[in-house]
$ cat query23.csv   # CSV, C-alpha atoms
chain,number,residue,atom,x,y,z
R,281,MET,CA,-188.3,74.1,0.7
R,282,SER,CA,-186.3,70.8,0.4
R,283,TYR,CA,-183.5,70.0,-1.9
R,284,TYR,CA,-183.0,66.4,-3.1
R,285,ASN,CA,-180.1,64.9,-5.0
R,286,ILE,CA,-177.9,67.8,-3.9
R,287,ARG,CA,-174.6,67.1,-2.1
R,288,VAL,CA,-172.4,69.6,-0.4
R,289,LEU,CA,-168.9,68.9,0.9
R,290,LEU,CA,-167.9,70.7,4.0
R,291,ALA,CA,-164.3,70.9,5.3
R,292,ILE,CA,-163.6,72.1,8.8
R,293,THR,CA,-160.0,73.2,9.5
R,294,GLY,CA,-158.1,74.5,12.5
R,295,ALA,CA,-159.0,78.2,12.3
R,296,SER,CA,-161.3,79.8,14.9
R,297,GLY,CA,-165.0,79.8,14.0
R,298,THR,CA,-166.2,76.2,14.4
R,299,ILE,CA,-169.6,77.6,15.4
R,300,TYR,CA,-170.0,78.8,11.8
R,301,ALA,CA,-169.6,75.2,10.6
R,302,LEU,CA,-172.2,74.0,13.2
R,303,LYS,CA,-174.8,76.6,12.1
R,304,PHE,CA,-174.1,75.9,8.4
R,305,LEU,CA,-174.7,72.2,9.0
R,306,GLU,CA,-177.9,72.9,11.0
R,307,ILE,CA,-179.3,75.0,8.1
R,308,LEU,CA,-178.5,72.3,5.5
R,309,LYS,CA,-179.9,69.6,7.7
R,310,ARG,CA,-183.2,71.6,8.0
R,311,LEU,CA,-183.2,71.8,4.2
R,312,ASN,CA,-182.7,68.0,3.8
R,313,ILE,CA,-179.5,68.5,1.9
R,314,GLU,CA,-177.0,65.7,1.9
R,315,THR,CA,-173.8,67.1,3.5
R,316,HIS,CA,-170.5,65.3,3.7
R,317,ILE,CA,-167.8,66.3,6.1
R,318,ILE,CA,-164.0,66.2,6.4
R,319,ILE,CA,-162.5,67.6,9.6
R,320,SER,CA,-158.8,68.1,10.1
R,321,GLU,CA,-157.0,67.1,13.3
R,322,ALA,CA,-156.6,70.7,14.2
R,323,GLY,CA,-160.2,71.3,13.4
R,324,GLU,CA,-161.2,68.7,16.0
R,325,LYS,CA,-159.1,70.4,18.6
R,326,VAL,CA,-160.6,73.8,17.9
R,327,ALA,CA,-164.1,72.3,18.0
R,328,LEU,CA,-163.3,71.0,21.5
R,329,LEU,CA,-162.1,74.4,22.6
R,330,GLU,CA,-164.9,76.4,21.1
R,331,LEU,CA,-167.9,74.0,21.3
R,332,GLY,CA,-166.9,72.2,24.5
R,333,GLU,CA,-167.0,68.4,25.2
R,334,GLY,CA,-169.0,66.7,22.5
R,335,GLY,CA,-168.5,69.5,20.1
R,336,ARG,CA,-167.0,67.3,17.4
R,337,ASP,CA,-169.8,64.8,17.9
R,338,ARG,CA,-172.4,67.6,17.4
R,339,LEU,CA,-170.8,68.5,14.1
R,340,LEU,CA,-170.5,64.9,12.8
R,341,ALA,CA,-174.0,64.0,13.9
R,342,LEU,CA,-175.3,66.5,11.4
R,343,ALA,CA,-173.4,64.9,8.5
R,344,SER,CA,-174.6,62.4,6.0
R,345,ARG,CA,-171.1,61.0,5.8
R,346,VAL,CA,-167.7,61.7,7.3
R,347,TYR,CA,-164.3,61.2,5.8
R,348,ASP,CA,-160.8,60.8,7.3
R,349,ASN,CA,-158.6,63.7,6.3
R,350,LYS,CA,-155.7,61.3,5.9
R,351,ASP,CA,-157.6,59.0,3.5
R,352,LEU,CA,-156.5,60.1,0.0
R,353,SER,CA,-158.5,57.2,-1.5
R,354,ALA,CA,-161.8,58.6,-0.2
R,355,PRO,CA,-164.4,59.8,-2.8
R,356,PRO,CA,-163.6,63.5,-2.4
R,357,ALA,CA,-160.1,62.8,-3.7
R,358,SER,CA,-161.5,62.2,-7.1
R,359,GLY,CA,-162.7,64.7,-9.6
R,360,SER,CA,-165.4,62.2,-10.7
R,361,THR,CA,-167.2,62.7,-7.4
R,362,VAL,CA,-169.7,65.4,-8.0
R,363,TRP,CA,-170.7,68.0,-5.4
R,364,ARG,CA,-173.1,71.0,-5.7
R,365,SER,CA,-170.2,72.9,-4.0
R,366,MET,CA,-167.4,72.6,-1.5
R,367,VAL,CA,-167.1,74.9,1.5
R,368,VAL,CA,-164.1,75.2,3.8
R,369,LEU,CA,-165.5,76.7,7.0
R,370,PRO,CA,-163.5,77.9,8.7
R,371,CYS,CA,-160.5,77.9,6.4
R,372,SER,CA,-157.1,78.2,8.1
R,373,MET,CA,-154.2,80.0,6.4
R,374,GLY,CA,-152.4,76.6,6.3
R,375,THR,CA,-155.2,75.2,4.2
R,376,LEU,CA,-155.3,78.2,2.0
R,377,SER,CA,-151.6,77.8,1.4
R,378,GLY,CA,-152.1,74.2,0.4
R,379,VAL,CA,-154.9,75.1,-1.9
R,380,ALA,CA,-152.9,77.9,-3.5
R,381,SER,CA,-149.9,75.7,-4.1
R,382,GLY,CA,-151.9,72.7,-5.2
R,383,ALA,CA,-150.1,70.6,-2.6
R,384,SER,CA,-152.9,68.1,-1.9
R,385,ARG,CA,-151.1,66.8,1.2
R,386,ASN,CA,-154.4,65.7,2.8
R,387,LEU,CA,-158.0,65.0,1.7
R,388,ILE,CA,-159.2,68.5,2.4
R,389,GLN,CA,-156.5,70.0,0.1
R,390,ARG,CA,-157.0,67.4,-2.5
R,391,ALA,CA,-160.8,67.9,-2.5
R,392,CYS,CA,-160.2,71.6,-3.0
R,393,ASP,CA,-157.9,70.9,-5.8
R,394,CYS,CA,-160.5,68.7,-7.5
R,395,SER,CA,-163.1,71.4,-7.1
R,396,LEU,CA,-160.8,73.9,-8.9
R,397,LYS,CA,-159.7,71.6,-11.6
R,398,GLU,CA,-163.2,70.5,-12.4
R,399,GLY,CA,-164.5,74.1,-12.4
R,400,ARG,CA,-166.9,73.5,-9.5
R,401,PRO,CA,-167.8,76.0,-6.8
R,402,LEU,CA,-165.3,76.3,-3.9
R,403,VAL,CA,-165.8,78.7,-1.0
R,404,LEU,CA,-162.9,79.4,1.3
R,405,ALA,CA,-164.2,81.0,4.5
R,406,ILE,CA,-160.9,82.3,5.7
R,407,ARG,CA,-160.3,83.3,9.3
R,408,GLU,CA,-157.1,85.1,10.3
R,409,THR,CA,-156.1,88.6,11.6
R,410,PRO,CA,-154.0,90.5,10.8
R,411,ILE,CA,-153.4,89.2,7.3
R,412,SER,CA,-149.8,89.0,6.0
R,413,LEU,CA,-148.6,89.6,2.5
R,414,VAL,CA,-148.2,85.8,2.1
R,415,HIS,CA,-151.9,85.3,3.0
R,416,ILE,CA,-152.9,88.0,0.5
R,417,ARG,CA,-150.9,86.4,-2.3
R,418,ASN,CA,-152.3,83.0,-1.5
R,419,MET,CA,-155.9,84.4,-1.6
R,420,LEU,CA,-155.2,86.0,-4.9
R,421,ILE,CA,-153.9,82.7,-6.4
R,422,ALA,CA,-156.9,80.8,-5.1
R,423,LYS,CA,-159.3,83.5,-6.4
R,424,GLU,CA,-157.7,83.5,-9.8
R,425,ALA,CA,-158.0,79.7,-9.8
R,426,GLY,CA,-161.7,80.0,-9.3
R,427,ALA,CA,-162.3,79.9,-5.5
R,428,VAL,CA,-164.6,82.3,-3.7
R,429,ILE,CA,-162.7,84.0,-0.9
R,430,MET,CA,-165.2,84.7,1.9
R,431,PRO,CA,-163.7,86.0,5.2
R,432,CYS,CA,-165.6,85.0,8.3
R,433,MET,CA,-167.1,88.4,8.8
R,434,PRO,CA,-170.7,88.5,10.1
R,435,SER,CA,-172.8,91.6,9.5
R,436,PHE,CA,-174.0,93.8,12.4
R,437,TYR,CA,-176.7,95.9,10.7
R,438,ALA,CA,-179.4,93.3,11.6
R,439,LYS,CA,-178.5,94.0,15.2
R,440,PRO,CA,-177.7,90.4,16.4
R,441,SER,CA,-178.1,90.1,20.1
R,442,THR,CA,-176.3,86.7,20.7
R,443,ILE,CA,-173.2,84.9,19.4
R,444,ASP,CA,-175.6,82.3,17.9
R,445,GLU,CA,-177.4,85.0,15.9
R,446,LEU,CA,-174.0,86.3,14.6
R,447,ALA,CA,-173.0,82.7,13.6
R,448,ILE,CA,-176.3,82.0,12.0
R,449,SER,CA,-176.2,85.2,9.9
R,450,PHE,CA,-172.8,84.3,8.5
R,451,ALA,CA,-173.5,80.6,7.9
R,452,ALA,CA,-176.7,81.6,6.1
R,453,ARG,CA,-174.7,84.0,3.9
R,454,VAL,CA,-172.4,81.1,2.9
R,455,VAL,CA,-175.5,78.9,2.1
R,456,ASP,CA,-176.8,81.8,0.0
R,457,VAL,CA,-173.5,82.2,-1.8
R,458,ILE,CA,-173.5,78.5,-2.9
R,459,GLY,CA,-176.9,79.1,-4.5
R,460,ILE,CA,-179.3,77.6,-2.0
R,461,SER,CA,-182.4,79.6,-1.1
R,462,ILE,CA,-183.0,80.2,2.6
R,463,ASP,CA,-185.4,83.2,2.5
R,464,GLY,CA,-187.8,83.1,5.4
R,465,MET,CA,-186.0,80.2,7.1
R,466,GLU,CA,-185.4,80.2,10.9
R,467,ILE,CA,-183.1,78.3,13.2
R,468,ASP,CA,-183.9,78.3,16.9
R,469,GLY,CA,-186.3,81.2,16.3
R,470,VAL,CA,-183.7,83.3,14.5
R,471,LYS,CA,-184.3,84.4,11.0
R,472,CYS,CA,-181.3,83.1,9.0
R,473,MET,CA,-181.1,85.7,6.3
R,474,LYS,CA,-182.0,89.3,6.8
R,475,ARG,CA,-181.4,91.0,3.5
R,476,TRP,CA,-180.5,94.7,3.2
R,477,GLU,CA,-183.8,95.7,1.7
R,478,GLU,CA,-185.6,94.3,4.8
R,479,ILE,CA,-183.5,96.4,7.1
R,480,LYS,CA,-182.8,99.7,5.4
R,481,GLY,CA,-186.4,100.8,5.8
R,482,SER,CA,-185.7,101.4,9.5
R,483,PHE,CA,-183.1,104.1,8.4
R,484,ASP,CA,-185.5,105.9,6.0

$ encode --input "query23.csv" --output "structure tokens"
Amino acid sequence: MSYYNIRVLLAITGASGTIYALKFLEILKRLNIETHIIISEAGEKVALLELGEGGRDRLLALASRVYDNKDLSAPPASGSTVWRSMVVLPCSMGTLSGVASGASRNLIQRACDCSLKEGRPLVLAIRETPISLVHIRNMLIAKEAGAVIMPCMPSFYAKPSTIDELAISFAARVVDVIGISIDGMEIDGVKCMKRWEEIKGSFD
């Protein structure tokens, strides 16, 4: 299945979990979905640490368009720019704080603010542990404002055997949450979405 005239905005911040963003992009690329990217400076550094040399380039090569996080005149800074959804994957606690406070200090925060004020889907795939009371309060504020809070927590009941399988399973779940069907789809020979009804039969 291919989706046309659908645009998704992906923000990559400095939390651990860049591999989730990579797999998310690979899935949308396979579906021919136009995906625009904003990556923070910290996000670029984490991409280097987690994906190795060329990690940033691997991410950006999968994008339809890339924006500078410092450019507050870029299209994502305006509520008149329409996206199917915006996903922050992974979402640092600093970014969450900026979203909760409406700070709009950079393009990622401003784009999140636009998603909330326009009533459009915003997924914050947070990554931190342990979580402080400040983090919990910020999550509550963002949730009450309309964001989906989706911790980077892959499932294990499908018995993933590699890190890639774990990452694909969570990235696929994010794609599913924003309303894009991936049933039956595979990435690198790995089935993206294994739903509970497919697995629970092995326990019966």

$ closest_residue --input "query23.csv" --among "R:Ala451, R:Ile458, R:Val326, R:Leu311" --to "Cys472 in chain R" --atoms "all atoms listed in the file"
R:Ala451

$ closest_residue --input "query23.csv" --among "R:Met433, R:Met366, R:Ala343, R:Leu413" --to "Ala291 in chain R" --atoms "all atoms listed in the file"
R:Met366

$ closest_residue --input "query23.csv" --among "R:Ala391, R:Ala380, R:Met473, R:Leu305" --to "Leu339 in chain R" --atoms "all atoms listed in the file"
R:Leu305

$ closest_residue --input "query23.csv" --among "R:Ser461, R:Ser435, R:Ser381, R:Ser358" --to "Ser449 in chain R" --atoms "all atoms listed in the file"
R:Ser435

$ decode --input "query23.csv" --residues "range 297-326 of chain R" --atoms "N, CA, C and O atoms" --output "PDB file, in the first residue's frame"
ATOM      1  N   GLY R 297      18.128   6.618  21.468  1.00  0.00           N
ATOM      2  CA  GLY R 297      17.088   5.935  20.704  1.00  0.00           C
ATOM      3  C   GLY R 297      17.020   6.371  19.261  1.00  0.00           C
ATOM      4  O   GLY R 297      15.964   6.259  18.629  1.00  0.00           O
ATOM      5  N   THR R 298      18.131   6.843  18.694  1.00  0.00           N
ATOM      6  CA  THR R 298      18.129   7.290  17.302  1.00  0.00           C
ATOM      7  C   THR R 298      17.745   6.170  16.346  1.00  0.00           C
ATOM      8  O   THR R 298      17.188   6.411  15.279  1.00  0.00           O
ATOM      9  N   ILE R 299      18.026   4.933  16.732  1.00  0.00           N
ATOM     10  CA  ILE R 299      17.687   3.803  15.863  1.00  0.00           C
ATOM     11  C   ILE R 299      16.182   3.718  15.627  1.00  0.00           C
ATOM     12  O   ILE R 299      15.729   3.285  14.569  1.00  0.00           O
ATOM     13  N   TYR R 300      15.387   4.151  16.600  1.00  0.00           N
ATOM     14  CA  TYR R 300      13.932   4.161  16.407  1.00  0.00           C
ATOM     15  C   TYR R 300      13.567   5.109  15.264  1.00  0.00           C
ATOM     16  O   TYR R 300      12.708   4.807  14.432  1.00  0.00           O
ATOM     17  N   ALA R 301      14.212   6.282  15.243  1.00  0.00           N
ATOM     18  CA  ALA R 301      13.945   7.256  14.182  1.00  0.00           C
ATOM     19  C   ALA R 301      14.347   6.689  12.827  1.00  0.00           C
ATOM     20  O   ALA R 301      13.640   6.870  11.828  1.00  0.00           O
ATOM     21  N   LEU R 302      15.478   5.998  12.780  1.00  0.00           N
ATOM     22  CA  LEU R 302      15.940   5.403  11.534  1.00  0.00           C
ATOM     23  C   LEU R 302      14.930   4.391  10.995  1.00  0.00           C
ATOM     24  O   LEU R 302      14.577   4.420   9.810  1.00  0.00           O
ATOM     25  N   LYS R 303      14.449   3.524  11.850  1.00  0.00           N
ATOM     26  CA  LYS R 303      13.484   2.507  11.410  1.00  0.00           C
ATOM     27  C   LYS R 303      12.136   3.130  11.051  1.00  0.00           C
ATOM     28  O   LYS R 303      11.463   2.680  10.113  1.00  0.00           O
ATOM     29  N   PHE R 304      11.747   4.167  11.780  1.00  0.00           N
ATOM     30  CA  PHE R 304      10.514   4.894  11.466  1.00  0.00           C
ATOM     31  C   PHE R 304      10.607   5.470  10.047  1.00  0.00           C
ATOM     32  O   PHE R 304       9.674   5.352   9.245  1.00  0.00           O
ATOM     33  N   LEU R 305      11.746   6.068   9.736  1.00  0.00           N
ATOM     34  CA  LEU R 305      11.954   6.645   8.410  1.00  0.00           C
ATOM     35  C   LEU R 305      11.973   5.569   7.325  1.00  0.00           C
ATOM     36  O   LEU R 305      11.429   5.760   6.230  1.00  0.00           O
ATOM     37  N   GLU R 306      12.593   4.438   7.621  1.00  0.00           N
ATOM     38  CA  GLU R 306      12.648   3.350   6.642  1.00  0.00           C
ATOM     39  C   GLU R 306      11.248   2.831   6.318  1.00  0.00           C
ATOM     40  O   GLU R 306      10.932   2.545   5.155  1.00  0.00           O
ATOM     41  N   ILE R 307      10.405   2.728   7.347  1.00  0.00           N
ATOM     42  CA  ILE R 307       9.031   2.257   7.121  1.00  0.00           C
ATOM     43  C   ILE R 307       8.261   3.246   6.255  1.00  0.00           C
ATOM     44  O   ILE R 307       7.604   2.865   5.275  1.00  0.00           O
ATOM     45  N   LEU R 308       8.352   4.542   6.586  1.00  0.00           N
ATOM     46  CA  LEU R 308       7.611   5.538   5.805  1.00  0.00           C
ATOM     47  C   LEU R 308       8.151   5.644   4.384  1.00  0.00           C
ATOM     48  O   LEU R 308       7.381   5.886   3.444  1.00  0.00           O
ATOM     49  N   LYS R 309       9.455   5.477   4.227  1.00  0.00           N
ATOM     50  CA  LYS R 309      10.039   5.493   2.885  1.00  0.00           C
ATOM     51  C   LYS R 309       9.475   4.358   2.045  1.00  0.00           C
ATOM     52  O   LYS R 309       9.140   4.531   0.869  1.00  0.00           O
ATOM     53  N   ARG R 310       9.362   3.187   2.658  1.00  0.00           N
ATOM     54  CA  ARG R 310       8.816   2.023   1.955  1.00  0.00           C
ATOM     55  C   ARG R 310       7.364   2.265   1.532  1.00  0.00           C
ATOM     56  O   ARG R 310       6.910   1.749   0.514  1.00  0.00           O
ATOM     57  N   LEU R 311       6.653   3.073   2.309  1.00  0.00           N
ATOM     58  CA  LEU R 311       5.252   3.377   2.015  1.00  0.00           C
ATOM     59  C   LEU R 311       5.089   4.584   1.093  1.00  0.00           C
ATOM     60  O   LEU R 311       3.976   5.001   0.805  1.00  0.00           O
ATOM     61  N   ASN R 312       6.215   5.145   0.643  1.00  0.00           N
ATOM     62  CA  ASN R 312       6.197   6.328  -0.233  1.00  0.00           C
ATOM     63  C   ASN R 312       5.534   7.530   0.422  1.00  0.00           C
ATOM     64  O   ASN R 312       4.859   8.329  -0.237  1.00  0.00           O
ATOM     65  N   ILE R 313       5.738   7.660   1.729  1.00  0.00           N
ATOM     66  CA  ILE R 313       5.176   8.786   2.455  1.00  0.00           C
ATOM     67  C   ILE R 313       6.217   9.894   2.550  1.00  0.00           C
ATOM     68  O   ILE R 313       7.374   9.653   2.898  1.00  0.00           O
ATOM     69  N   GLU R 314       5.794  11.097   2.231  1.00  0.00           N
ATOM     70  CA  GLU R 314       6.678  12.257   2.286  1.00  0.00           C
ATOM     71  C   GLU R 314       6.980  12.578   3.751  1.00  0.00           C
ATOM     72  O   GLU R 314       6.076  12.863   4.526  1.00  0.00           O
ATOM     73  N   THR R 315       8.250  12.523   4.104  1.00  0.00           N
ATOM     74  CA  THR R 315       8.651  12.739   5.489  1.00  0.00           C
ATOM     75  C   THR R 315       9.666  13.876   5.569  1.00  0.00           C
ATOM     76  O   THR R 315      10.688  13.852   4.899  1.00  0.00           O
ATOM     77  N   HIS R 316       9.354  14.874   6.384  1.00  0.00           N
ATOM     78  CA  HIS R 316      10.235  16.011   6.594  1.00  0.00           C
ATOM     79  C   HIS R 316      10.891  15.878   7.967  1.00  0.00           C
ATOM     80  O   HIS R 316      10.263  15.392   8.908  1.00  0.00           O
ATOM     81  N   ILE R 317      12.134  16.322   8.072  1.00  0.00           N
ATOM     82  CA  ILE R 317      12.909  16.101   9.294  1.00  0.00           C
ATOM     83  C   ILE R 317      13.467  17.404   9.858  1.00  0.00           C
ATOM     84  O   ILE R 317      13.914  18.272   9.116  1.00  0.00           O
ATOM     85  N   ILE R 318      13.423  17.488  11.184  1.00  0.00           N
ATOM     86  CA  ILE R 318      14.189  18.482  11.931  1.00  0.00           C
ATOM     87  C   ILE R 318      15.020  17.682  12.927  1.00  0.00           C
ATOM     88  O   ILE R 318      14.479  16.852  13.663  1.00  0.00           O
ATOM     89  N   ILE R 319      16.322  17.917  12.958  1.00  0.00           N
ATOM     90  CA  ILE R 319      17.171  17.223  13.930  1.00  0.00           C
ATOM     91  C   ILE R 319      17.934  18.260  14.743  1.00  0.00           C
ATOM     92  O   ILE R 319      18.509  19.193  14.188  1.00  0.00           O
ATOM     93  N   SER R 320      17.884  18.115  16.044  1.00  0.00           N
ATOM     94  CA  SER R 320      18.560  19.076  16.918  1.00  0.00           C
ATOM     95  C   SER R 320      20.066  18.823  16.910  1.00  0.00           C
ATOM     96  O   SER R 320      20.541  17.772  16.472  1.00  0.00           O
ATOM     97  N   GLU R 321      20.818  19.788  17.409  1.00  0.00           N
ATOM     98  CA  GLU R 321      22.273  19.632  17.492  1.00  0.00           C
ATOM     99  C   GLU R 321      22.634  18.436  18.375  1.00  0.00           C
ATOM    100  O   GLU R 321      23.514  17.643  18.041  1.00  0.00           O
ATOM    101  N   ALA R 322      21.934  18.315  19.499  1.00  0.00           N
ATOM    102  CA  ALA R 322      22.179  17.170  20.384  1.00  0.00           C
ATOM    103  C   ALA R 322      21.774  15.870  19.696  1.00  0.00           C
ATOM    104  O   ALA R 322      22.408  14.827  19.880  1.00  0.00           O
ATOM    105  N   GLY R 323      20.712  15.933  18.901  1.00  0.00           N
ATOM    106  CA  GLY R 323      20.269  14.754  18.168  1.00  0.00           C
ATOM    107  C   GLY R 323      21.323  14.271  17.185  1.00  0.00           C
ATOM    108  O   GLY R 323      21.520  13.061  17.004  1.00  0.00           O
ATOM    109  N   GLU R 324      22.022  15.206  16.558  1.00  0.00           N
ATOM    110  CA  GLU R 324      23.090  14.851  15.630  1.00  0.00           C
ATOM    111  C   GLU R 324      24.237  14.160  16.366  1.00  0.00           C
ATOM    112  O   GLU R 324      24.814  13.188  15.866  1.00  0.00           O
ATOM    113  N   LYS R 325      24.555  14.654  17.567  1.00  0.00           N
ATOM    114  CA  LYS R 325      25.641  14.065  18.350  1.00  0.00           C
ATOM    115  C   LYS R 325      25.283  12.651  18.796  1.00  0.00           C
ATOM    116  O   LYS R 325      26.123  11.743  18.770  1.00  0.00           O
ATOM    117  N   VAL R 326      24.032  12.457  19.206  1.00  0.00           N
ATOM    118  CA  VAL R 326      23.608  11.125  19.643  1.00  0.00           C
ATOM    119  C   VAL R 326      23.563  10.166  18.456  1.00  0.00           C
ATOM    120  O   VAL R 326      23.914   8.988  18.575  1.00  0.00           O
TER     121      VAL R 326
END
